[in-house]
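The data block below is my_file_39.cif; it holds mmCIF, C-alpha atoms.
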```cif
data_work
#
loop_
_atom_site.label_atom_id
_atom_site.label_comp_id
_atom_site.auth_asym_id
_atom_site.auth_seq_id
_atom_site.Cartn_x
_atom_site.Cartn_y
_atom_site.Cartn_z
CA MET A 5 0.00 0.00 0.00
CA ASN A 6 1.37 3.42 -0.90
CA ARG A 7 2.26 6.11 1.60
CA ALA A 8 -0.71 8.36 0.78
CA ALA A 9 -3.19 5.58 1.39
CA SER A 10 -1.69 4.44 4.67
CA ALA A 11 -1.79 7.97 6.01
CA VAL A 12 -5.57 8.18 6.02
CA ILE A 13 -6.72 4.69 7.02
CA PRO A 14 -7.87 4.74 10.66
CA ASP A 15 -6.76 2.19 13.21
CA ARG A 16 -10.17 1.17 14.49
CA PRO A 17 -12.77 1.69 11.78
CA PRO A 18 -16.32 0.49 12.40
CA SER A 19 -17.81 -2.31 10.38
CA LEU A 20 -21.04 -2.14 8.45
CA ARG A 21 -22.83 -4.10 11.10
CA GLU A 22 -21.80 -1.59 13.77
CA SER A 23 -23.49 1.18 11.80
CA GLY A 24 -26.94 -0.30 12.32
CA PRO A 25 -28.45 0.23 8.86
CA ALA A 26 -31.99 -0.88 9.57
CA SER A 27 -33.66 1.84 11.57
CA PRO A 28 -32.12 5.28 10.78
CA GLY A 29 -33.24 5.35 7.15
CA ILE A 30 -36.83 4.47 8.01
CA LEU A 31 -36.91 7.15 10.70
CA LEU A 32 -35.45 9.73 8.32
CA VAL A 33 -38.09 8.99 5.69
CA ALA A 34 -40.81 9.67 8.24
CA LEU A 35 -38.95 12.68 9.63
CA GLY A 36 -38.47 14.17 6.18
CA LEU A 37 -42.16 13.96 5.34
CA VAL A 38 -43.40 15.29 8.69
CA VAL A 39 -40.89 18.13 8.99
CA ASN A 40 -41.35 19.33 5.44
CA LEU A 41 -45.11 19.25 5.55
CA GLY A 42 -44.69 21.55 8.52
CA LEU A 43 -42.26 23.72 6.56
CA LEU A 44 -44.70 23.88 3.66
CA ILE A 45 -47.46 25.12 5.97
CA TRP A 46 -45.18 27.63 7.73
CA PHE A 47 -43.70 29.06 4.52
CA GLY A 48 -47.10 29.04 2.92
CA HIS A 49 -48.68 31.13 5.66
CA THR A 50 -45.79 33.60 5.83
CA SER A 51 -45.80 34.07 2.03
CA GLY A 52 -49.57 34.12 1.62
CA LEU A 53 -49.71 30.79 -0.18
CA ASP A 54 -52.91 28.81 0.30
CA VAL A 55 -51.37 25.51 1.36
CA GLY A 56 -54.80 23.99 1.69
CA ALA A 57 -55.47 24.43 -2.02
CA PRO A 58 -55.08 21.29 -4.12
CA THR A 59 -52.69 23.09 -6.49
CA ALA A 60 -50.18 23.84 -3.73
CA VAL A 61 -50.18 20.30 -2.40
CA GLU A 62 -50.04 18.86 -5.89
CA SER A 63 -47.11 21.10 -6.83
CA TRP A 64 -45.18 20.05 -3.74
CA SER A 65 -45.92 16.37 -4.38
CA THR A 66 -44.93 16.66 -8.03
CA VAL A 67 -41.55 18.23 -7.27
CA PHE A 68 -40.88 15.86 -4.36
CA LEU A 69 -41.71 12.72 -6.34
CA ALA A 70 -39.85 13.96 -9.42
CA ILE A 71 -36.63 14.40 -7.43
CA CYS A 72 -36.99 11.02 -5.73
CA PHE A 73 -37.84 9.09 -8.90
CA GLN A 74 -35.17 10.92 -10.88
CA ALA A 75 -32.49 10.10 -8.33
CA ALA A 76 -33.58 6.56 -7.36
CA PRO A 77 -32.20 4.66 -10.40
CA PHE A 78 -28.82 6.33 -10.09
CA LEU A 79 -28.72 5.78 -6.35
CA ALA A 80 -29.48 2.10 -6.94
CA ALA A 81 -26.77 1.90 -9.60
CA GLY A 82 -24.27 3.52 -7.26
CA VAL A 83 -25.21 1.16 -4.45
CA LEU A 84 -24.74 -1.88 -6.69
CA LEU A 85 -21.42 -0.62 -8.04
CA ALA A 86 -20.25 0.19 -4.52
CA GLY A 87 -21.20 -3.32 -3.39
CA LEU A 88 -19.26 -4.86 -6.25
CA ILE A 89 -16.19 -2.78 -5.40
CA ILE A 90 -16.40 -3.85 -1.76
CA THR A 91 -16.91 -7.51 -2.68
CA LEU A 92 -14.70 -8.15 -5.69
CA VAL A 93 -11.91 -5.57 -5.87
CA PRO A 94 -8.77 -6.44 -3.84
CA ARG A 95 -7.77 -3.78 -1.33
CA THR A 96 -4.36 -3.13 -2.90
CA ALA A 97 -5.56 -2.88 -6.50
CA LEU A 98 -7.02 0.62 -6.33
CA THR A 99 -4.33 2.17 -4.16
CA TYR A 100 -1.55 1.18 -6.54
CA LEU A 101 -3.35 2.78 -9.49
CA LEU A 102 -3.01 6.23 -7.90
CA PRO A 103 0.20 8.28 -7.93
CA ARG A 104 2.09 8.29 -4.67
CA ASN A 105 2.11 12.09 -4.58
CA PRO A 106 -1.16 13.13 -2.86
CA SER A 107 -1.64 16.21 -5.06
CA TRP A 108 -1.25 14.22 -8.27
CA ALA A 109 -3.51 11.51 -6.86
CA VAL A 110 -6.25 14.16 -6.55
CA VAL A 111 -5.75 15.21 -10.18
CA SER A 112 -5.91 11.59 -11.34
CA ALA A 113 -9.11 11.02 -9.36
CA GLY A 114 -10.66 14.09 -10.97
CA MET A 115 -9.83 12.84 -14.46
CA ALA A 116 -11.27 9.43 -13.54
CA GLY A 117 -14.64 11.14 -13.22
CA LEU A 118 -14.78 11.12 -17.03
CA ILE A 119 -15.37 7.37 -17.12
CA LEU A 120 -18.37 6.96 -14.79
CA PRO A 121 -21.67 7.76 -16.56
CA GLY A 122 -23.71 8.42 -13.47
CA CYS A 123 -25.15 11.23 -11.40
CA GLU A 124 -24.30 12.56 -7.98
CA CYS A 125 -26.56 10.06 -6.22
CA ALA A 126 -24.36 7.21 -7.44
CA SER A 127 -21.07 8.90 -6.60
CA VAL A 128 -21.59 9.10 -2.82
CA PRO A 129 -21.79 5.34 -2.10
CA VAL A 130 -19.05 4.69 -4.67
CA ALA A 131 -16.74 7.16 -2.90
CA ARG A 132 -17.44 5.41 0.38
CA SER A 133 -16.48 2.05 -1.15
CA LEU A 134 -13.28 3.48 -2.60
CA MET A 135 -12.30 4.67 0.87
CA ALA A 136 -13.16 1.26 2.29
CA LYS A 137 -10.76 -0.27 -0.23
CA GLY A 138 -7.90 1.91 0.92
CA VAL A 139 -8.13 4.81 -1.53
CA PRO A 140 -7.04 8.00 0.27
CA VAL A 141 -9.89 10.24 1.33
CA ALA A 142 -8.94 13.30 -0.76
CA PRO A 143 -8.87 11.44 -4.11
CA ALA A 144 -12.07 9.57 -3.23
CA LEU A 145 -13.88 12.84 -2.48
CA THR A 146 -12.46 14.42 -5.63
CA PHE A 147 -13.85 11.54 -7.67
CA MET A 148 -17.20 11.93 -5.88
CA LEU A 149 -17.39 15.55 -7.03
CA ALA A 150 -15.97 15.09 -10.54
CA ALA A 151 -17.89 12.02 -11.70
CA PRO A 152 -21.36 13.62 -11.86
CA ALA A 153 -19.98 16.93 -13.19
CA VAL A 154 -17.80 15.92 -16.14
CA ASN A 155 -18.92 12.47 -17.28
CA PRO A 156 -19.78 12.03 -20.99
CA ILE A 157 -23.56 11.83 -20.52
CA VAL A 158 -23.66 15.12 -18.62
CA LEU A 159 -21.53 16.87 -21.24
CA LEU A 160 -23.66 15.47 -24.07
CA ALA A 161 -26.85 16.65 -22.33
CA THR A 162 -25.31 20.12 -21.96
CA TRP A 163 -24.48 20.22 -25.68
CA VAL A 164 -28.06 19.30 -26.56
CA ALA A 165 -29.51 21.84 -24.11
CA PHE A 166 -27.30 24.70 -25.37
CA PRO A 167 -27.08 24.16 -29.15
CA ALA A 168 -26.30 27.83 -29.79
CA GLN A 169 -23.63 27.99 -27.05
CA PRO A 170 -21.08 25.20 -27.68
CA MET A 171 -18.63 26.89 -25.33
CA MET A 172 -21.00 26.13 -22.46
CA VAL A 173 -19.95 22.48 -22.76
CA VAL A 174 -16.26 23.37 -22.60
CA ALA A 175 -16.83 25.78 -19.74
CA ARG A 176 -18.82 23.20 -17.78
CA PHE A 177 -16.08 20.59 -18.19
CA VAL A 178 -13.32 22.98 -17.17
CA ALA A 179 -15.25 24.46 -14.23
CA GLY A 180 -16.40 21.05 -12.96
CA LEU A 181 -12.97 19.44 -13.15
CA LEU A 182 -11.17 22.42 -11.64
CA THR A 183 -13.66 22.67 -8.78
CA ALA A 184 -13.31 18.99 -7.91
CA VAL A 185 -9.51 19.13 -8.00
CA VAL A 186 -9.29 22.39 -6.03
CA VAL A 187 -11.61 20.99 -3.34
CA GLY A 188 -9.45 17.86 -3.21
CA TRP A 189 -6.33 19.96 -2.74
CA LEU A 190 -8.04 22.07 -0.08
CA PHE A 191 -9.07 18.89 1.73
CA LEU A 192 -5.43 17.80 1.85
CA ARG A 193 -4.71 21.00 3.81
CA LEU A 194 -7.86 20.89 5.95
CA GLN A 195 -8.11 17.21 6.89
CA ARG A 196 -8.13 17.99 10.60
CA TRP A 197 -11.06 20.39 10.12
CA VAL A 198 -13.14 18.48 7.53
CA THR A 199 -12.82 15.03 9.07
CA VAL A 200 -14.22 11.83 7.57
CA PRO A 201 -15.22 9.00 9.93
CA ALA A 202 -13.46 5.67 9.57
CA VAL A 203 -14.55 3.73 6.49
CA ARG A 204 -12.74 0.42 6.33
CA GLU A 205 -14.01 -3.11 6.12
CA ALA A 206 -12.47 -6.53 6.31
CA GLU A 207 -11.55 -8.19 3.02
CA PRO A 208 -14.40 -10.64 2.29
CA THR A 209 -13.59 -14.31 1.91
CA THR A 210 -14.89 -16.14 -1.15
CA ASP A 211 -17.65 -17.93 0.75
CA ARG A 212 -18.89 -14.71 2.39
CA ARG A 213 -18.90 -12.39 -0.61
CA ALA A 214 -22.65 -12.64 -1.10
CA GLU A 215 -23.28 -11.66 2.52
CA THR A 216 -20.74 -8.83 2.29
CA PHE A 217 -22.43 -7.54 -0.86
CA ARG A 218 -25.87 -7.70 0.78
CA ARG A 219 -24.78 -5.85 3.91
CA SER A 220 -22.97 -3.16 1.91
CA ALA A 221 -25.94 -2.60 -0.41
CA VAL A 222 -28.46 -2.45 2.45
CA HIS A 223 -26.27 -0.07 4.45
CA ASP A 224 -25.76 2.40 1.58
CA LEU A 225 -29.32 2.20 0.28
CA VAL A 226 -30.99 2.76 3.64
CA HIS A 227 -28.67 5.47 4.92
CA ALA A 228 -28.30 7.42 1.67
CA GLY A 229 -31.92 6.79 0.65
CA GLY A 230 -33.32 8.13 3.90
CA PHE A 231 -31.42 11.38 3.57
CA LEU A 232 -32.31 11.57 -0.12
CA VAL A 233 -35.99 11.71 0.89
CA LEU A 234 -35.24 14.40 3.45
CA GLY A 235 -33.35 16.54 0.95
CA ALA A 236 -36.00 16.07 -1.73
CA ALA A 237 -38.73 17.17 0.68
CA ILE A 238 -36.85 20.35 1.60
CA ALA A 239 -36.16 21.12 -2.06
CA ALA A 240 -39.84 20.65 -2.91
CA THR A 241 -40.86 22.98 -0.09
CA VAL A 242 -38.56 25.75 -1.30
CA ALA A 243 -39.49 25.25 -4.97
CA THR A 244 -43.21 25.62 -4.28
CA THR A 245 -42.99 28.67 -2.02
CA VAL A 246 -40.60 31.02 -3.86
CA PRO A 247 -42.52 33.20 -6.39
CA ALA A 248 -41.31 33.33 -10.00
CA GLU A 249 -41.19 37.13 -9.78
CA THR A 250 -38.56 36.88 -7.08
CA ILE A 251 -36.36 34.71 -9.29
CA GLY A 252 -36.65 37.21 -12.14
CA ALA A 253 -35.66 40.11 -9.92
CA ILE A 254 -32.62 38.25 -8.60
CA ALA A 255 -31.48 37.41 -12.15
CA GLU A 256 -31.11 41.13 -12.86
CA SER A 257 -29.14 41.87 -9.68
CA GLY A 258 -25.65 41.73 -11.26
CA PRO A 259 -22.97 39.84 -9.29
CA LEU A 260 -25.58 38.85 -6.72
CA SER A 261 -27.15 36.67 -9.41
CA TYR A 262 -24.06 34.44 -9.25
CA LEU A 263 -24.72 33.63 -5.61
CA ALA A 264 -28.42 33.27 -6.35
CA ALA A 265 -27.74 30.81 -9.19
CA GLY A 266 -25.63 28.70 -6.85
CA ALA A 267 -28.33 28.78 -4.19
CA MET A 268 -30.95 27.78 -6.75
CA ALA A 269 -28.83 24.77 -7.72
CA VAL A 270 -28.64 23.73 -4.06
CA VAL A 271 -32.39 23.87 -3.42
CA ALA A 272 -33.48 22.58 -6.86
CA ALA A 273 -31.64 19.27 -6.31
CA ILE A 274 -31.83 18.30 -9.99
CA CYS A 275 -29.99 15.26 -11.34
CA SER A 276 -26.80 16.32 -13.14
CA GLU A 277 -27.92 14.59 -16.33
CA ALA A 278 -31.04 16.77 -16.51
CA ASP A 279 -29.96 20.07 -14.98
CA ALA A 280 -28.71 21.52 -18.29
CA PHE A 281 -32.24 21.55 -19.68
CA ILE A 282 -33.48 23.35 -16.57
CA ALA A 283 -30.63 25.86 -16.77
CA ALA A 284 -31.39 26.56 -20.44
CA SER A 285 -34.91 27.62 -19.42
CA PHE A 286 -33.55 30.35 -17.12
CA THR A 287 -33.26 32.88 -19.93
CA GLU A 288 -33.18 35.78 -17.48
CA PHE A 289 -29.75 34.77 -16.15
CA ALA A 290 -26.39 35.60 -17.75
CA PRO A 291 -24.29 32.69 -19.18
CA THR A 292 -21.82 32.83 -16.30
CA ALA A 293 -24.64 32.56 -13.76
CA LEU A 294 -25.97 29.53 -15.65
CA LEU A 295 -22.49 27.98 -15.56
CA ILE A 296 -22.44 28.45 -11.79
CA PHE A 297 -25.81 26.69 -11.59
CA LEU A 298 -24.42 23.78 -13.63
CA THR A 299 -21.21 23.58 -11.58
CA VAL A 300 -22.73 23.79 -8.10
CA GLY A 301 -25.67 21.43 -8.72
CA PRO A 302 -23.76 18.15 -9.24
CA MET A 303 -21.60 18.82 -6.17
CA VAL A 304 -23.80 20.57 -3.61
CA ASP A 305 -27.57 20.26 -3.33
CA LEU A 306 -30.01 19.41 -0.57
CA LYS A 307 -30.28 15.73 -1.41
CA LEU A 308 -26.49 15.42 -1.71
CA ILE A 309 -25.91 17.14 1.62
CA GLY A 310 -28.37 14.74 3.19
CA MET A 311 -26.76 11.70 1.58
CA GLN A 312 -23.28 12.82 2.63
CA ALA A 313 -24.55 13.30 6.17
CA GLY A 314 -26.01 9.81 6.13
CA VAL A 315 -22.86 8.17 4.74
CA PHE A 316 -20.05 10.27 6.26
CA GLY A 317 -21.74 12.01 9.18
CA GLY A 318 -23.44 15.33 9.80
CA ARG A 319 -20.27 17.09 10.96
CA PHE A 320 -18.53 16.25 7.69
CA ALA A 321 -21.46 17.43 5.56
CA ALA A 322 -21.80 20.68 7.54
CA ARG A 323 -18.20 21.61 6.67
CA PHE A 324 -17.60 19.94 3.31
CA ALA A 325 -20.74 21.31 1.62
CA PRO A 326 -19.96 25.03 2.29
CA LEU A 327 -16.33 24.49 1.25
CA THR A 328 -17.45 22.95 -2.04
CA PHE A 329 -20.17 25.57 -2.58
CA VAL A 330 -17.83 28.55 -2.23
CA THR A 331 -15.12 26.92 -4.34
CA ALA A 332 -17.59 26.04 -7.10
CA ILE A 333 -18.95 29.59 -7.32
CA ILE A 334 -15.48 31.18 -7.44
CA VAL A 335 -14.09 28.74 -10.01
CA ALA A 336 -17.19 28.81 -12.23
CA ALA A 337 -17.32 32.62 -12.12
CA LEU A 338 -13.68 32.84 -13.25
CA VAL A 339 -14.10 30.20 -15.96
CA GLY A 340 -17.31 31.81 -17.18
CA THR A 341 -15.68 35.23 -17.36
CA VAL A 342 -12.88 33.84 -19.53
CA LEU A 343 -14.79 31.38 -21.77
CA LEU A 344 -18.30 32.80 -21.93
#
```
Would you write out, as structure tokens, the structure that this file holds?
Amino acid sequence: MNRAASAVIPDRPPSLRESGPASPGILLVALGLVVNLGLLIWFGHTSGLDVGAPTAVESWSTVFLAICFQAAPFLAAGVLLAGLIITLVPRTALTYLLPRNPSWAVVSAGMAGLILPGCECASVPVARSLMAKGVPVAPALTFMLAAPAVNPIVLLATWVAFPAQPMMVVARFVAGLLTAVVVGWLFLRLQRWVTVPAVREAEPTTDRRAETFRRSAVHDLVHAGGFLVLGAAIAATVATTVPAETIGAIAESGPLSYLAAGAMAVVAAICSEADAFIAASFTEFAPTALLIFLTVGPMVDLKLIGMQAGVFGGRFAARFAPLTFVTAIIVAALVGTVLL
């Protein structure tokens, strides 16, 4: 095992069984529904929205279900891929593929995001499995951010959504890759502040691989799925209570629109393979603001924050998400200014 990998593997990591995957996800599903119905009523009353009207409830349900159904297949794919990595890939195989230099390992992990055609929901459990196999935390997190931002399907969708702006595809690739790599480098310097709980599991024997795969899949699906529901419910609440007029006014607010575009990406919680079509409909916003929307969304949104909290812990999510959000806005604003 290389030096970078050995530096981040904890001495006493918990096993999957110690995490107790059965109950938290079920409780979070119920909590997400109850809390956000309360949020819908509270926001509705303060904004004058008639939450008792069928249209308000139907709008909330439509957005909530759309996010969940949109994300579910990719979450399932990520869970299955993560289980296969845990079960079949030897611990030393992945660590020896990365450069020994931690900074170059981050760059390599970012470029590896080009080969995984999935969305952000799949990248979280996959990143966890990479860590469990001995991949250093910084490259694993870099891959988690890069994969949904720069994979071929996302870039193709962006090209289709912006037929008159081919440079938007180039800008999205550059901004997404740079953001992932910069966050990875920052994590190398801030590991004591943005800590990741121990993620290491025993190498499965041949006769126990099926059980190892089952436990890994159940753990990731229940924990990440529960927080996915919570994030989707919050996103639906915000989407149904913010008037369209407010969005239009913010789009004309100059530099403030950059921050607003990033915030919209966080609360919209759109799959990275569909967000380009949503961004193309925001004709009020400048191209650089749209690029910020496309850069922030695959890396920081409400469902992702919830999933990261479920997989890596709330303390990690509370620090990693703001770090990624600020970095994504700065990088995308600079790239957009140069290329768009």
Contacts of Val300 of chain A at 12 Å (only C-alpha atoms; same-chain gap of 6+ positions) as a ChimeraX atom specification: /A:124,149-150,152-153,176,179-181,183-184,262-276,279,283,293-294,306,308,325-337
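Counting from atom CA of Val139 of chain A, the distance to atom CA of Pro156 of chain A is 23.8 Å.
Considering the residues A:Ser112, A:Thr199, A:Gln169, A:Thr292 and counting all atoms listed in the file, Pro259 of chain A has its shortest atom-to-atom contact with A:Thr292.
Distance check against Thr299 of chain A using all atoms listed in the file: of A:Val222, A:Cys72, A:Ala313, A:Met172, the minimum falls on A:Met172.
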Residues matched by the PyMOL selection byres ((chain A and resi 161) around 9), written as a PyMOL selection string: chain A and resi 156-160+162-166+277-281
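Shortest separation to Asp305 of chain A among A:Leu343, A:Val141, A:Ala321, A:Gln195 occurs at residue A:Ala321, atoms counted being all atoms listed in the file.
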Which of A:Gly310, A:Thr244, A:Arg323, A:Pro129 sits closest to Leu194 of chain A [using all atoms listed in the file]: A:Arg323
Atom CA of Ala237 of chain A to atom CA of Thr66 of chain A, distance in Å rounded to a single decimal: 10.7 Å
Test item: residues at most 9 Å from Phe320 of chain A, only C-alpha atoms, excluding those fewer than 2 positions along its chain, as a ChimeraX atom specification: /A:197-201,312-313,316-318,322-325
One-decimal distance in Å that lies between atom CA of Gly114 of chain A and atom CA of Tyr100 of chain A: 16.4 Å
Residues matched by the PyMOL selection byres ((chain A and resi 143) around 12), written as a PyMOL selection string: chain A and resi 8-9+12+98-99+101-117+131-132+134-135+138-142+144-151+184-192
Kindly save the residues from that selection, with C-alpha atoms included, as a CSV table (one decimal), keeping the file's coordinate frame.
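Result written to part_30.csv:
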```csv
chain,number,residue,atom,x,y,z
A,8,ALA,CA,-0.7,8.4,0.8
A,9,ALA,CA,-3.2,5.6,1.4
A,12,VAL,CA,-5.6,8.2,6.0
A,98,LEU,CA,-7.0,0.6,-6.3
A,99,THR,CA,-4.3,2.2,-4.2
A,101,LEU,CA,-3.4,2.8,-9.5
A,102,LEU,CA,-3.0,6.2,-7.9
A,103,PRO,CA,0.2,8.3,-7.9
A,104,ARG,CA,2.1,8.3,-4.7
A,105,ASN,CA,2.1,12.1,-4.6
A,106,PRO,CA,-1.2,13.1,-2.9
A,107,SER,CA,-1.6,16.2,-5.1
A,108,TRP,CA,-1.2,14.2,-8.3
A,109,ALA,CA,-3.5,11.5,-6.9
A,110,VAL,CA,-6.2,14.2,-6.6
A,111,VAL,CA,-5.8,15.2,-10.2
A,112,SER,CA,-5.9,11.6,-11.3
A,113,ALA,CA,-9.1,11.0,-9.4
A,114,GLY,CA,-10.7,14.1,-11.0
A,115,MET,CA,-9.8,12.8,-14.5
A,116,ALA,CA,-11.3,9.4,-13.5
A,117,GLY,CA,-14.6,11.1,-13.2
A,131,ALA,CA,-16.7,7.2,-2.9
A,132,ARG,CA,-17.4,5.4,0.4
A,134,LEU,CA,-13.3,3.5,-2.6
A,135,MET,CA,-12.3,4.7,0.9
A,138,GLY,CA,-7.9,1.9,0.9
A,139,VAL,CA,-8.1,4.8,-1.5
A,140,PRO,CA,-7.0,8.0,0.3
A,141,VAL,CA,-9.9,10.2,1.3
A,142,ALA,CA,-8.9,13.3,-0.8
A,144,ALA,CA,-12.1,9.6,-3.2
A,145,LEU,CA,-13.9,12.8,-2.5
A,146,THR,CA,-12.5,14.4,-5.6
A,147,PHE,CA,-13.8,11.5,-7.7
A,148,MET,CA,-17.2,11.9,-5.9
A,149,LEU,CA,-17.4,15.6,-7.0
A,150,ALA,CA,-16.0,15.1,-10.5
A,151,ALA,CA,-17.9,12.0,-11.7
A,184,ALA,CA,-13.3,19.0,-7.9
A,185,VAL,CA,-9.5,19.1,-8.0
A,186,VAL,CA,-9.3,22.4,-6.0
A,187,VAL,CA,-11.6,21.0,-3.3
A,188,GLY,CA,-9.4,17.9,-3.2
A,189,TRP,CA,-6.3,20.0,-2.7
A,190,LEU,CA,-8.0,22.1,-0.1
A,191,PHE,CA,-9.1,18.9,1.7
A,192,LEU,CA,-5.4,17.8,1.8
```
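Minimum atom-to-atom distance to Ala80 of chain A, evaluated using all atoms listed in the file, belongs to A:Ser127 out of A:Ile254, A:Ile119, A:Ser127, A:Leu182.
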